Each structure stands twice: as structure tokens, then as C-alpha cells.
>>> print(open('work21.cif').read())   # mmCIF, C-alpha atoms
data_entry
#
loop_
_atom_site.label_atom_id
_atom_site.label_comp_id
_atom_site.auth_asym_id
_atom_site.auth_seq_id
_atom_site.Cartn_x
_atom_site.Cartn_y
_atom_site.Cartn_z
CA MET N 27 4.40 95.53 7.82
CA ASN N 28 6.47 98.53 8.81
CA PRO N 29 9.50 98.51 6.45
CA ALA N 30 11.75 99.46 9.38
CA ASP N 31 10.96 96.17 11.11
CA LEU N 32 12.31 94.19 8.17
CA GLN N 33 15.17 96.59 7.51
CA GLY N 34 16.36 96.15 11.08
CA LEU N 35 17.02 92.48 10.31
CA ARG N 36 19.19 93.38 7.35
CA SER N 37 21.07 96.52 8.35
CA GLY N 38 23.74 97.24 10.92
CA ASP N 39 26.28 95.03 12.61
CA LEU N 40 25.32 91.59 13.90
CA GLU N 41 24.90 92.73 17.49
CA THR N 42 22.46 95.44 16.40
CA ARG N 43 20.47 92.98 14.28
CA GLU N 44 20.35 90.49 17.17
CA ALA N 45 18.99 93.19 19.45
CA HIS N 46 16.37 93.97 16.81
CA VAL N 47 15.25 90.33 16.75
CA HIS N 48 14.73 90.44 20.51
CA GLN N 49 12.67 93.62 20.16
CA LEU N 50 10.52 92.00 17.48
CA LEU N 51 10.01 88.92 19.64
CA GLU N 52 8.98 91.01 22.62
CA ARG N 53 6.49 92.98 20.54
CA ALA N 54 5.14 89.81 18.97
CA GLY N 55 4.90 87.81 22.17
CA LYS N 56 3.66 90.45 24.59
CA HIS N 57 1.57 92.64 22.34
CA GLY N 58 0.72 90.55 19.28
CA ASP N 59 2.27 93.27 17.12
CA GLU N 60 1.34 92.38 13.53
CA SER N 61 4.27 94.20 11.95
CA ALA N 62 6.78 92.43 14.22
CA ILE N 63 5.14 89.07 13.51
CA ALA N 64 5.25 89.71 9.77
CA ALA N 65 8.97 90.57 9.91
CA LEU N 66 9.71 87.39 11.84
CA HIS N 67 7.75 85.40 9.28
CA VAL N 68 10.01 86.80 6.56
CA LEU N 69 13.04 85.75 8.61
CA VAL N 70 11.74 82.19 8.69
CA ARG N 71 10.55 82.04 5.07
CA ASP N 72 13.73 83.55 3.63
CA TYR N 73 16.08 82.15 6.26
CA ARG N 74 19.03 81.73 3.88
CA ASP N 75 19.12 85.52 3.44
CA PHE N 76 19.73 86.09 7.16
CA HIS N 77 22.55 85.31 9.56
CA ARG N 78 22.17 82.03 11.48
CA SER N 79 22.37 83.88 14.76
CA LEU N 80 19.18 85.81 13.93
CA TYR N 81 17.38 82.64 12.93
CA SER N 82 18.38 80.73 16.07
CA ARG N 83 17.31 83.58 18.33
CA ALA N 84 13.94 83.77 16.63
CA MET N 85 13.40 80.00 16.90
CA ASN N 86 14.13 80.10 20.62
CA GLN N 87 10.80 81.93 20.97
CA ALA N 88 9.01 80.57 17.92
CA ALA N 89 5.69 80.29 19.75
CA ALA N 90 5.51 84.09 19.79
CA PHE N 91 4.92 84.21 16.04
CA ALA N 92 3.72 80.67 15.23
CA ASP N 93 1.92 80.22 11.93
CA ALA N 94 0.96 77.06 10.06
CA GLY N 95 2.01 78.77 6.84
CA LEU N 96 5.66 78.50 7.90
CA GLN N 97 5.68 74.71 7.55
CA GLU N 98 7.44 74.58 4.20
CA PRO N 99 10.43 76.79 5.09
CA LEU N 100 10.81 75.12 8.47
CA LEU N 101 10.94 71.68 6.87
CA ALA N 102 13.48 73.02 4.38
CA ALA N 103 15.68 74.36 7.18
CA LEU N 104 15.35 71.08 9.03
CA GLY N 105 17.13 69.34 6.19
CA ASP N 106 19.53 72.15 5.29
CA THR N 107 22.97 70.97 6.42
CA ARG N 108 24.70 73.93 4.80
CA TYR N 109 22.76 76.55 6.76
CA ASN N 110 23.46 74.48 9.88
CA CYS N 111 20.44 75.49 11.95
CA GLN N 112 18.72 72.12 12.12
CA ALA N 113 18.48 72.22 15.90
CA TRP N 114 16.57 75.51 15.82
CA ALA N 115 14.41 74.37 12.93
CA ALA N 116 13.45 71.37 15.06
CA LYS N 117 12.59 73.71 17.90
CA GLY N 118 10.45 75.80 15.56
CA CYS N 119 8.62 72.74 14.27
CA ALA N 120 7.83 71.70 17.83
CA ALA N 121 6.63 75.17 18.81
CA MET N 122 4.40 75.41 15.72
CA ASP N 123 3.05 71.85 15.97
CA ILE N 124 4.35 70.84 12.54
CA ARG N 125 3.75 67.09 12.64
CA ALA N 126 4.88 66.69 9.04
CA ALA N 127 8.40 67.13 10.44
CA VAL N 128 8.35 63.78 12.27
CA PRO N 129 9.92 61.64 9.50
CA GLN N 130 12.79 64.11 9.09
CA LEU N 131 13.25 64.38 12.84
CA VAL N 132 13.65 60.63 13.16
CA THR N 133 16.56 60.77 10.70
CA LEU N 134 18.28 63.37 12.91
CA LEU N 135 18.41 61.22 16.05
CA ASP N 136 21.95 60.10 15.24
CA HIS N 137 23.19 63.54 14.16
CA THR N 138 26.81 64.33 14.99
CA GLN N 139 25.89 67.56 16.81
CA TRP N 140 24.62 67.05 20.33
CA ILE N 141 22.35 70.08 20.18
CA VAL N 142 20.58 68.69 17.11
CA ARG N 143 19.97 65.38 18.89
CA ASP N 144 18.73 67.25 21.95
CA GLU N 145 16.20 69.40 20.12
CA THR N 146 15.17 66.48 17.93
CA VAL N 147 14.26 64.31 20.92
CA ILE N 148 12.32 67.18 22.49
CA ALA N 149 10.48 67.81 19.24
CA LEU N 150 9.60 64.13 18.80
CA GLY N 151 8.23 64.09 22.33
CA ARG N 152 5.85 66.89 21.36
CA LEU N 153 5.03 65.89 17.81
CA GLY N 154 5.44 62.11 17.73
CA ASP N 155 3.18 59.21 18.61
CA ALA N 156 3.59 55.48 19.16
CA THR N 157 5.23 55.13 15.74
CA VAL N 158 8.39 56.92 16.91
CA VAL N 159 8.87 54.95 20.13
CA SER N 160 11.02 52.32 18.40
CA ALA N 161 13.32 55.07 17.10
CA LEU N 162 13.64 56.74 20.51
CA ARG N 163 14.02 53.56 22.55
CA PRO N 164 17.72 52.89 21.78
CA LEU N 165 18.63 56.32 23.17
CA LEU N 166 17.66 55.11 26.64
CA GLY N 167 20.95 53.22 26.48
CA ASP N 168 23.04 56.16 25.32
CA GLU N 169 26.24 56.88 27.23
CA ALA N 170 25.20 60.51 27.69
CA ASP N 171 23.13 60.88 30.84
CA TRP N 172 21.40 64.02 29.57
CA LEU N 173 20.24 62.25 26.41
CA ARG N 174 18.83 59.30 28.37
CA GLN N 175 16.89 61.70 30.56
CA ARG N 176 15.64 63.72 27.59
CA THR N 177 14.51 60.52 25.87
CA ALA N 178 12.65 59.30 28.94
CA ASP N 179 10.84 62.64 29.14
CA ALA N 180 9.91 62.42 25.46
CA LEU N 181 8.54 58.90 25.83
CA ALA N 182 6.50 59.93 28.86
CA ARG N 183 5.07 62.84 26.92
CA ILE N 184 4.12 60.56 24.02
CA GLY N 185 2.53 58.12 26.45
CA GLY N 186 0.81 54.88 25.59
CA GLU N 187 1.64 51.23 26.13
CA GLU N 188 4.68 51.14 23.82
CA ALA N 189 6.34 54.06 25.57
CA MET N 190 5.65 52.61 29.02
CA GLU N 191 7.09 49.24 27.97
CA ALA N 192 10.27 50.89 26.70
CA LEU N 193 10.77 52.71 30.00
CA TRP N 194 9.86 49.66 32.06
CA TYR N 195 12.35 47.46 30.24
CA GLU N 196 15.15 49.87 31.19
CA PHE N 197 13.84 50.01 34.75
CA GLU N 198 13.90 46.22 35.09
CA ASN N 199 17.14 45.69 33.18
CA ARG N 200 19.06 48.56 34.70
CA ARG N 201 22.12 49.49 32.65
CA PHE N 202 23.12 52.52 34.70
CA PRO N 203 23.32 52.93 38.47
CA ARG N 204 21.26 56.11 38.74
CA ILE N 205 17.90 55.95 37.00
CA GLY N 206 15.87 58.60 38.76
CA TYR N 207 14.70 59.84 35.37
CA LEU N 208 13.09 56.44 34.72
CA ALA N 209 11.42 56.41 38.12
CA SER N 210 9.95 59.87 37.67
CA THR N 211 8.72 59.26 34.13
CA LEU N 212 7.22 55.86 34.91
CA ALA N 213 5.22 57.51 37.68
CA LEU N 214 3.43 59.51 34.98
CA PHE N 215 1.85 56.29 33.73
CA THR N 216 -0.26 55.94 36.86
CA PRO N 217 -2.55 54.07 37.40
CA GLU N 218 -1.45 51.47 34.81
CA VAL N 219 2.06 51.18 36.19
CA MET N 220 1.10 50.86 39.86
CA PRO N 221 0.95 47.02 40.04
CA ARG N 222 4.41 46.79 38.50
CA LEU N 223 5.92 49.34 40.86
CA LEU N 224 4.37 47.70 43.90
CA ALA N 225 5.76 44.34 42.79
CA ALA N 226 9.19 45.89 42.16
CA ALA N 227 9.17 47.19 45.73
CA ASP N 228 9.30 43.52 46.81
CA SER N 229 12.21 42.67 44.53
CA PRO N 230 15.23 40.91 46.06
CA ASP N 231 17.35 43.60 44.35
CA PRO N 232 17.80 46.59 46.69
CA ASP N 233 18.46 48.87 43.72
CA GLN N 234 15.10 48.00 42.23
CA ARG N 235 13.35 48.48 45.56
CA TYR N 236 15.06 51.85 45.93
CA TRP N 237 13.92 53.13 42.53
CA ALA N 238 10.48 51.59 42.93
CA ALA N 239 10.12 53.63 46.12
CA VAL N 240 11.16 56.80 44.32
CA ALA N 241 8.67 56.15 41.55
CA LEU N 242 5.86 55.28 43.97
CA GLY N 243 6.34 58.55 45.77
CA SER N 244 6.07 60.45 42.51
CA THR N 245 2.73 58.86 41.67
CA GLY N 246 0.89 60.63 44.47
CA ASP N 247 -1.26 57.49 44.71
CA ASP N 248 -2.58 56.35 48.10
CA GLN N 249 -2.00 52.73 47.08
CA ALA N 250 1.71 53.37 47.54
CA VAL N 251 1.49 54.44 51.17
CA PRO N 252 1.52 51.01 52.93
CA THR N 253 4.44 49.83 50.80
CA LEU N 254 6.46 53.00 51.39
CA GLU N 255 5.78 52.85 55.11
CA ARG N 256 6.93 49.23 55.20
CA LEU N 257 10.13 49.99 53.31
CA MET N 258 10.82 53.02 55.49
CA ALA N 259 10.36 51.02 58.68
CA GLY N 260 12.34 47.90 57.90
CA ASP N 261 14.25 47.82 54.63
CA ARG N 262 17.98 48.18 55.28
CA GLY N 263 19.00 47.41 51.71
CA VAL N 264 21.78 49.48 50.16
CA THR N 265 22.22 50.27 46.47
CA VAL N 266 25.37 50.11 44.35
CA PHE N 267 25.82 53.84 44.93
CA ASP N 268 25.31 53.53 48.72
CA GLY N 269 21.73 54.74 48.72
CA GLU N 270 19.51 53.29 51.46
CA VAL N 271 16.12 51.91 50.50
CA ARG N 272 14.51 53.06 53.74
CA VAL N 273 15.77 56.62 53.20
CA ALA N 274 14.43 56.62 49.64
CA ALA N 275 11.05 55.41 50.95
CA LYS N 276 10.96 58.13 53.60
CA LYS N 277 11.67 60.83 51.01
CA ALA N 278 9.18 59.26 48.62
CA LEU N 279 6.44 59.35 51.24
CA ARG N 280 7.07 63.07 51.75
CA THR N 281 6.95 63.60 47.98
CA LEU N 282 3.67 61.70 47.76
CA ARG N 283 2.12 63.85 50.48
CA ARG N 284 3.30 67.05 48.78
CA ILE N 285 1.76 65.95 45.50
CA GLN N 286 -1.52 65.12 47.19
CA ALA N 287 -1.55 68.46 49.03
CA ALA N 288 -0.91 70.31 45.77
CA ILE N 289 -3.75 68.46 44.05
CA THR N 290 -6.11 69.28 46.92
CA GLU N 291 -5.11 72.93 46.76
CA ARG N 292 -5.74 73.09 43.01
CA GLN N 293 -9.15 71.51 43.45
CA LYS N 294 -10.11 74.18 45.98
CA SER N 295 -9.19 77.06 43.69
#
>>> encode(input="work21.cif", output="C-alpha cells")
Amino acid sequence: MNPADLQGLRSGDLETREAHVHQLLERAGKHGDESAIAALHVLVRDYRDFHRSLYSRAMNQAAAFADAGLQEPLLAALGDTRYNCQAWAAKGCAAMDIRAAVPQLVTLLDHTQWIVRDETVIALGRLGDATVVSALRPLLGDEADWLRQRTADALARIGGEEAMEALWYEFENRRFPRIGYLASTLALFTPEVMPRLLAAADSPDPDQRYWAAVALGSTGDDQAVPTLERLMAGDRGVTVFDGEVRVAAKKALRTLRRIQAAITERQKS
């Protein structure tokens, strides 16, 4: 390692050191520069010796210098309330595929800082499996819209029957008027979810028909076409937020066709 690369993290005012971190990240990410990577590894291993701002900036691009050997210091930072960079430690664990972090991450789901909860949910979506679904599930009822959406994305990424059931329960027992995030994530469970969505499109509840249409469009599945065409032609139901089922079905049909066209294009290339 070039001594200047490490010295740049320790010398000068904070703005200068922050700029140096960005230079190291660029060299590491674009060119695989070994000296820059080694300096960033020192920043992670000896994180308490460096300003939090340097650490957080490095973790924002942790994939550029990922190394399995950084597991121990990342786990330490994940639990270090005094250093107060748990959100960025979670991001680093996710970027470096440190699955040993999962138990600690679960304990951070109710953290007082929103950014810690945010990065924790994202990390669990990447590192977790069916065993974390029960911990994530309550967040689908959180008052914060952004956290509900982030949780739905995490569950969809984890996949599996338990995750689909958690999302479907919220879809059926709607606690919030706008649940587009549930519709879009449930669509990712195609083909298993198709019978449920098609049945929901016949629900007496116009809100459920509306969101079923949105989800069906996002599946890109031809099975959805007759149902969407029927809803578009004759369903005059209106949701609690004044959305029209037939309009949702029309938009969903366009979405379905775009998805199919994109798939066809990818298959040609």
C-alpha cells in the first residue's frame, strides 16, 4: 500500500479527507487499484480511528472494496452505538454478503433512528431467508409509508411461501388505502400468486379489484389478459381514494404488454 493513500485519510481538514475517500473509491471501483483498496480496508478495520463521515462515505460504495476478511470489524461497527454508524455498517454487511450479520440486524429493526431501520431492512432483504420473515412482517403495518414499501421489497427479494403469505395477508386485509407496493411485490411471485390475484379481481370490494388489476399487469402473464380486458370494459367500481377500477385495468394492460415486449426484446439479443 502506498503510505500516501493511508495518510490522506488521517491528515488535513475533514473536507480534504472526504475528498480523498472519494478518490480512493473511484480508484478501487473503476481500476481495482490495490493500494486504494488496502487503504479502505484499514478504514473499515480500524474504524474507530477515523471520522464517521469518512466511514459512511466508504460504506456507501462498499462493493468497490468488498472483502470477506472485513466481517469482524463490520459486525463490531454494527453493534457500536457510540460510534453511531450502524446504518452504514448494515450497508457494508449487505454489500459484502456478510450473512453472519443477520441476528444483529434483526435486533436493529426497532432502532430509534430511521436511517438505521431503513438500511437494516434493505440488508435483511439481501442477506436474510425465511427465518427473518416473522421479524419483518410487523413492519408492513408501520405508520411510515416508506418503511412499509421497503419491507415489502425486502420480503419479495427473500421470496418463498412465508414471504408471499405475509404480503398477501396485507393485500387481503388492507390497512392503508394505497398499497401499490404490495401489488407490485406480489406480482414477483408469479406464477404461484396468479390464482389468488385472478380471484381477487372478482372481489366485491372495488379496492381489492383495483389493486388486483395493478398486480396482474405487473406479472406480464398472459393469463391476466382476459380478466384485465373484462375489468377495463365494464367495471365502474371506485376506490376509497377515487381511483377507478376500469382505469387501473387499462393501465395494467399497457404495463403487461410493455413487460412482454421487453422480455421478447431481451430474448432476441
>>> resolve_selection(input="work21.cif", expression="the PyMOL selection byres ((chain N and resi 161) around 12)", output="PDB file with C-alpha atoms, in the coordinates of the input")
ATOM      1  CA  VAL N 128       8.350  63.780  12.270  1.00  0.00           C
ATOM      2  CA  PRO N 129       9.920  61.640   9.500  1.00  0.00           C
ATOM      3  CA  LEU N 131      13.250  64.380  12.840  1.00  0.00           C
ATOM      4  CA  VAL N 132      13.650  60.630  13.160  1.00  0.00           C
ATOM      5  CA  THR N 133      16.560  60.770  10.700  1.00  0.00           C
ATOM      6  CA  LEU N 134      18.280  63.370  12.910  1.00  0.00           C
ATOM      7  CA  LEU N 135      18.410  61.220  16.050  1.00  0.00           C
ATOM      8  CA  ASP N 136      21.950  60.100  15.240  1.00  0.00           C
ATOM      9  CA  THR N 146      15.170  66.480  17.930  1.00  0.00           C
ATOM     10  CA  VAL N 147      14.260  64.310  20.920  1.00  0.00           C
ATOM     11  CA  LEU N 150       9.600  64.130  18.800  1.00  0.00           C
ATOM     12  CA  GLY N 151       8.230  64.090  22.330  1.00  0.00           C
ATOM     13  CA  GLY N 154       5.440  62.110  17.730  1.00  0.00           C
ATOM     14  CA  ASP N 155       3.180  59.210  18.610  1.00  0.00           C
ATOM     15  CA  ALA N 156       3.590  55.480  19.160  1.00  0.00           C
ATOM     16  CA  THR N 157       5.230  55.130  15.740  1.00  0.00           C
ATOM     17  CA  VAL N 158       8.390  56.920  16.910  1.00  0.00           C
ATOM     18  CA  VAL N 159       8.870  54.950  20.130  1.00  0.00           C
ATOM     19  CA  SER N 160      11.020  52.320  18.400  1.00  0.00           C
ATOM     20  CA  LEU N 162      13.640  56.740  20.510  1.00  0.00           C
ATOM     21  CA  ARG N 163      14.020  53.560  22.550  1.00  0.00           C
ATOM     22  CA  PRO N 164      17.720  52.890  21.780  1.00  0.00           C
ATOM     23  CA  LEU N 165      18.630  56.320  23.170  1.00  0.00           C
ATOM     24  CA  LEU N 166      17.660  55.110  26.640  1.00  0.00           C
ATOM     25  CA  THR N 177      14.510  60.520  25.870  1.00  0.00           C
ATOM     26  CA  ALA N 180       9.910  62.420  25.460  1.00  0.00           C
ATOM     27  CA  LEU N 181       8.540  58.900  25.830  1.00  0.00           C
ATOM     28  CA  GLU N 188       4.680  51.140  23.820  1.00  0.00           C
ATOM     29  CA  ALA N 189       6.340  54.060  25.570  1.00  0.00           C
ATOM     30  CA  ALA N 192      10.270  50.890  26.700  1.00  0.00           C
TER      31      ALA N 192
END
>>> resolve_selection(input="work21.cif", expression="the PyMOL selection byres ((chain N and resi 110) around 12)", output="compact mmCIF listing (two decimals) with C-alpha atoms, keeping the file's coordinate frame")
# COMPACT_ATOMS: atom_id res chain seq x y z
CA TYR N 73 16.08 82.15 6.26
CA ARG N 74 19.03 81.73 3.88
CA HIS N 77 22.55 85.31 9.56
CA ARG N 78 22.17 82.03 11.48
CA SER N 79 22.37 83.88 14.76
CA TYR N 81 17.38 82.64 12.93
CA SER N 82 18.38 80.73 16.07
CA ALA N 102 13.48 73.02 4.38
CA ALA N 103 15.68 74.36 7.18
CA LEU N 104 15.35 71.08 9.03
CA GLY N 105 17.13 69.34 6.19
CA ASP N 106 19.53 72.15 5.29
CA THR N 107 22.97 70.97 6.42
CA ARG N 108 24.70 73.93 4.80
CA TYR N 109 22.76 76.55 6.76
CA CYS N 111 20.44 75.49 11.95
CA GLN N 112 18.72 72.12 12.12
CA ALA N 113 18.48 72.22 15.90
CA TRP N 114 16.57 75.51 15.82
CA ALA N 115 14.41 74.37 12.93
CA ALA N 116 13.45 71.37 15.06
CA HIS N 137 23.19 63.54 14.16
CA THR N 138 26.81 64.33 14.99
CA GLN N 139 25.89 67.56 16.81
CA ILE N 141 22.35 70.08 20.18
CA VAL N 142 20.58 68.69 17.11
>>> residues_around(input="work21.cif", residues="Leu223 of chain N", least_positions_apart="5", cutoff="10 Å", atoms="all atoms listed in the file", output="MDAnalysis selection string")
chainID N and resid 194 209 212:213 216 218 228:229 234:235 237:242 250
>>> resolve_selection(input="work21.cif", expression="the PyMOL selection byres ((chain N and resi 71) around 10)", output="PyMOL selection string")
chain N and resi 65-70+72-75+95-100+102-103
>>> residues_near_point(input="work21.cif", point="(16.2, 92.5, 13.4)", cutoff="8 Å", atoms="only C-alpha atoms", output="PyMOL selection string")
chain N and resi 31-36+42-50+80
>>> closest_residue(input="work21.cif", among="N:Ile148, N:Met258, N:Ile63, N:Leu101", to="Asn28 of chain N", atoms="all atoms listed in the file")
N:Ile63
>>> atom_distance(input="work21.cif", atom1="atom CA of Arg283 of chain N", atom2="atom CA of Asp231 of chain N")
26.1 Å
>>> atom_distance(input="work21.cif", atom1="atom CA of Lys56 of chain N", atom2="atom CA of Gln87 of chain N")
11.7 Å
>>> atom_distance(input="work21.cif", atom1="atom CA of Ile285 of chain N", atom2="atom CA of Asp179 of chain N")
19.0 Å
>>> closest_residue(input="work21.cif", among="N:Phe202, N:Phe267, N:Phe91, N:Phe215", to="Gly167 of chain N", atoms="all atoms listed in the file")
N:Phe202
>>> residues_around(input="work21.cif", residues="Ala90 of chain N", least_positions_apart="4", cutoff="10 Å", atoms="only C-alpha atoms", output="list in words")
Leu50, Leu51, Glu52, Arg53, Ala54, Gly55, Lys56, His57, Gly58, Ile63, Leu66, Ala84, Met85, Asn86, Ala121 and Met122 of chain N
>>> closest_residue(input="work21.cif", among="N:Asp233, N:Arg222, N:Arg292, N:Gly186", to="Arg201 of chain N", atoms="only C-alpha atoms")
N:Asp233
>>> closest_residue(input="work21.cif", among="N:Asp247, N:Glu196, N:Asp144, N:Glu270", to="Gln286 of chain N", atoms="all atoms listed in the file")
N:Asp247
>>> axis_aligned_box(input="work21.cif", around="segment 286-293 of chain N", padding_each_side="8 Å", output="lines of an AutoDock Vina configuration file")
center_x = -5.0
center_y = 69.1
center_z = 46.0
size_x = 24.2
size_y = 24.0
size_z = 22.0
>>> residues_near_point(input="work21.cif", point="(18.2, 56.1, 43.6)", cutoff="6 Å", atoms="all atoms listed in the file", output="count of residues only")
4
>>> decode(input="work21.cif", residues="segment 184-195 of chain N", atoms="all heavy atoms", output="JSON list (two decimals), in the first residue's frame")
[["chain", "number", "residue", "atom", "x", "y", "z"],
["N", 184, "ILE", "N", -36.48, -11.78, -0.57],
["N", 184, "ILE", "CA", -36.27, -13.04, 0.15],
["N", 184, "ILE", "C", -37.02, -14.17, -0.54],
["N", 184, "ILE", "O", -36.52, -15.27, -0.72],
["N", 184, "ILE", "CB", -36.72, -12.90, 1.61],
["N", 184, "ILE", "CG1", -35.77, -11.96, 2.37],
["N", 184, "ILE", "CG2", -36.79, -14.25, 2.31],
["N", 184, "ILE", "CD1", -36.27, -11.54, 3.72],
["N", 185, "GLY", "N", -38.26, -13.88, -0.93],
["N", 185, "GLY", "CA", -39.07, -14.86, -1.64],
["N", 185, "GLY", "C", -39.53, -16.00, -0.75],
["N", 185, "GLY", "O", -39.34, -15.99, 0.46],
["N", 186, "GLY", "N", -40.17, -16.97, -1.35],
["N", 186, "GLY", "CA", -40.64, -18.14, -0.62],
["N", 186, "GLY", "C", -42.08, -17.98, -0.13],
["N", 186, "GLY", "O", -42.67, -16.90, -0.18],
["N", 187, "GLU", "N", -42.63, -19.08, 0.33],
["N", 187, "GLU", "CA", -44.04, -19.12, 0.73],
["N", 187, "GLU", "C", -44.33, -18.19, 1.90],
["N", 187, "GLU", "O", -45.35, -17.50, 1.91],
["N", 187, "GLU", "CB", -44.43, -20.55, 1.09],
["N", 187, "GLU", "CG", -45.91, -20.71, 1.41],
["N", 187, "GLU", "CD", -46.28, -22.15, 1.72],
["N", 187, "GLU", "OE1", -45.44, -23.04, 1.52],
["N", 187, "GLU", "OE2", -47.42, -22.39, 2.15],
["N", 188, "GLU", "N", -43.44, -18.16, 2.91],
["N", 188, "GLU", "CA", -43.70, -17.34, 4.09],
["N", 188, "GLU", "C", -43.77, -15.86, 3.72],
["N", 188, "GLU", "O", -44.63, -15.12, 4.21],
["N", 188, "GLU", "CB", -42.61, -17.57, 5.14],
["N", 188, "GLU", "CG", -42.62, -18.94, 5.77],
["N", 188, "GLU", "CD", -41.77, -19.94, 4.99],
["N", 188, "GLU", "OE1", -41.40, -19.63, 3.83],
["N", 188, "GLU", "OE2", -41.49, -21.01, 5.54],
["N", 189, "ALA", "N", -42.86, -15.42, 2.86],
["N", 189, "ALA", "CA", -42.85, -14.02, 2.45],
["N", 189, "ALA", "C", -44.11, -13.68, 1.65],
["N", 189, "ALA", "O", -44.72, -12.62, 1.86],
["N", 189, "ALA", "CB", -41.60, -13.72, 1.63],
["N", 190, "MET", "N", -44.49, -14.57, 0.73],
["N", 190, "MET", "CA", -45.70, -14.32, -0.06],
["N", 190, "MET", "C", -46.93, -14.25, 0.85],
["N", 190, "MET", "O", -47.81, -13.39, 0.65],
["N", 190, "MET", "CB", -45.88, -15.39, -1.12],
["N", 190, "MET", "CG", -47.05, -15.10, -2.07],
["N", 190, "MET", "SD", -47.24, -16.31, -3.40],
["N", 190, "MET", "CE", -48.01, -17.66, -2.50],
["N", 191, "GLU", "N", -47.01, -15.12, 1.84],
["N", 191, "GLU", "CA", -48.16, -15.12, 2.74],
["N", 191, "GLU", "C", -48.24, -13.82, 3.54],
["N", 191, "GLU", "O", -49.33, -13.29, 3.78],
["N", 191, "GLU", "CB", -48.10, -16.32, 3.68],
["N", 191, "GLU", "CG", -48.33, -17.66, 3.01],
["N", 191, "GLU", "CD", -49.71, -17.78, 2.37],
["N", 191, "GLU", "OE1", -50.64, -17.07, 2.80],
["N", 191, "GLU", "OE2", -49.85, -18.59, 1.43],
["N", 192, "ALA", "N", -47.09, -13.31, 3.96],
["N", 192, "ALA", "CA", -47.07, -12.05, 4.70],
["N", 192, "ALA", "C", -47.60, -10.91, 3.84],
["N", 192, "ALA", "O", -48.42, -10.09, 4.30],
["N", 192, "ALA", "CB", -45.66, -11.75, 5.18],
["N", 193, "LEU", "N", -47.16, -10.85, 2.60],
["N", 193, "LEU", "CA", -47.62, -9.80, 1.69],
["N", 193, "LEU", "C", -49.09, -9.99, 1.34],
["N", 193, "LEU", "O", -49.85, -9.01, 1.26],
["N", 193, "LEU", "CB", -46.76, -9.82, 0.42],
["N", 193, "LEU", "CG", -45.29, -9.42, 0.61],
["N", 193, "LEU", "CD1", -44.49, -9.80, -0.62],
["N", 193, "LEU", "CD2", -45.18, -7.92, 0.88],
["N", 194, "TRP", "N", -49.49, -11.23, 1.12],
["N", 194, "TRP", "CA", -50.88, -11.48, 0.75],
["N", 194, "TRP", "C", -51.83, -11.12, 1.88],
["N", 194, "TRP", "O", -52.93, -10.59, 1.64],
["N", 194, "TRP", "CB", -51.09, -12.93, 0.32],
["N", 194, "TRP", "CG", -52.47, -13.14, -0.21],
["N", 194, "TRP", "CD1", -53.55, -13.67, 0.43],
["N", 194, "TRP", "CD2", -52.94, -12.72, -1.50],
["N", 194, "TRP", "NE1", -54.66, -13.64, -0.38],
["N", 194, "TRP", "CE2", -54.32, -13.05, -1.57],
["N", 194, "TRP", "CE3", -52.34, -12.11, -2.59],
["N", 194, "TRP", "CZ2", -55.09, -12.78, -2.69],
["N", 194, "TRP", "CZ3", -53.10, -11.84, -3.72],
["N", 194, "TRP", "CH2", -54.46, -12.18, -3.76],
["N", 195, "TYR", "N", -51.46, -11.40, 3.10],
["N", 195, "TYR", "CA", -52.31, -11.05, 4.24],
["N", 195, "TYR", "C", -52.59, -9.55, 4.24],
["N", 195, "TYR", "O", -53.73, -9.11, 4.45],
["N", 195, "TYR", "CB", -51.65, -11.47, 5.55],
["N", 195, "TYR", "CG", -52.49, -11.11, 6.76],
["N", 195, "TYR", "CD1", -53.47, -11.98, 7.22],
["N", 195, "TYR", "CD2", -52.30, -9.90, 7.42],
["N", 195, "TYR", "CE1", -54.27, -11.64, 8.31],
["N", 195, "TYR", "CE2", -53.08, -9.55, 8.51],
["N", 195, "TYR", "CZ", -54.06, -10.42, 8.95],
["N", 195, "TYR", "OH", -54.85, -10.07, 10.03]]
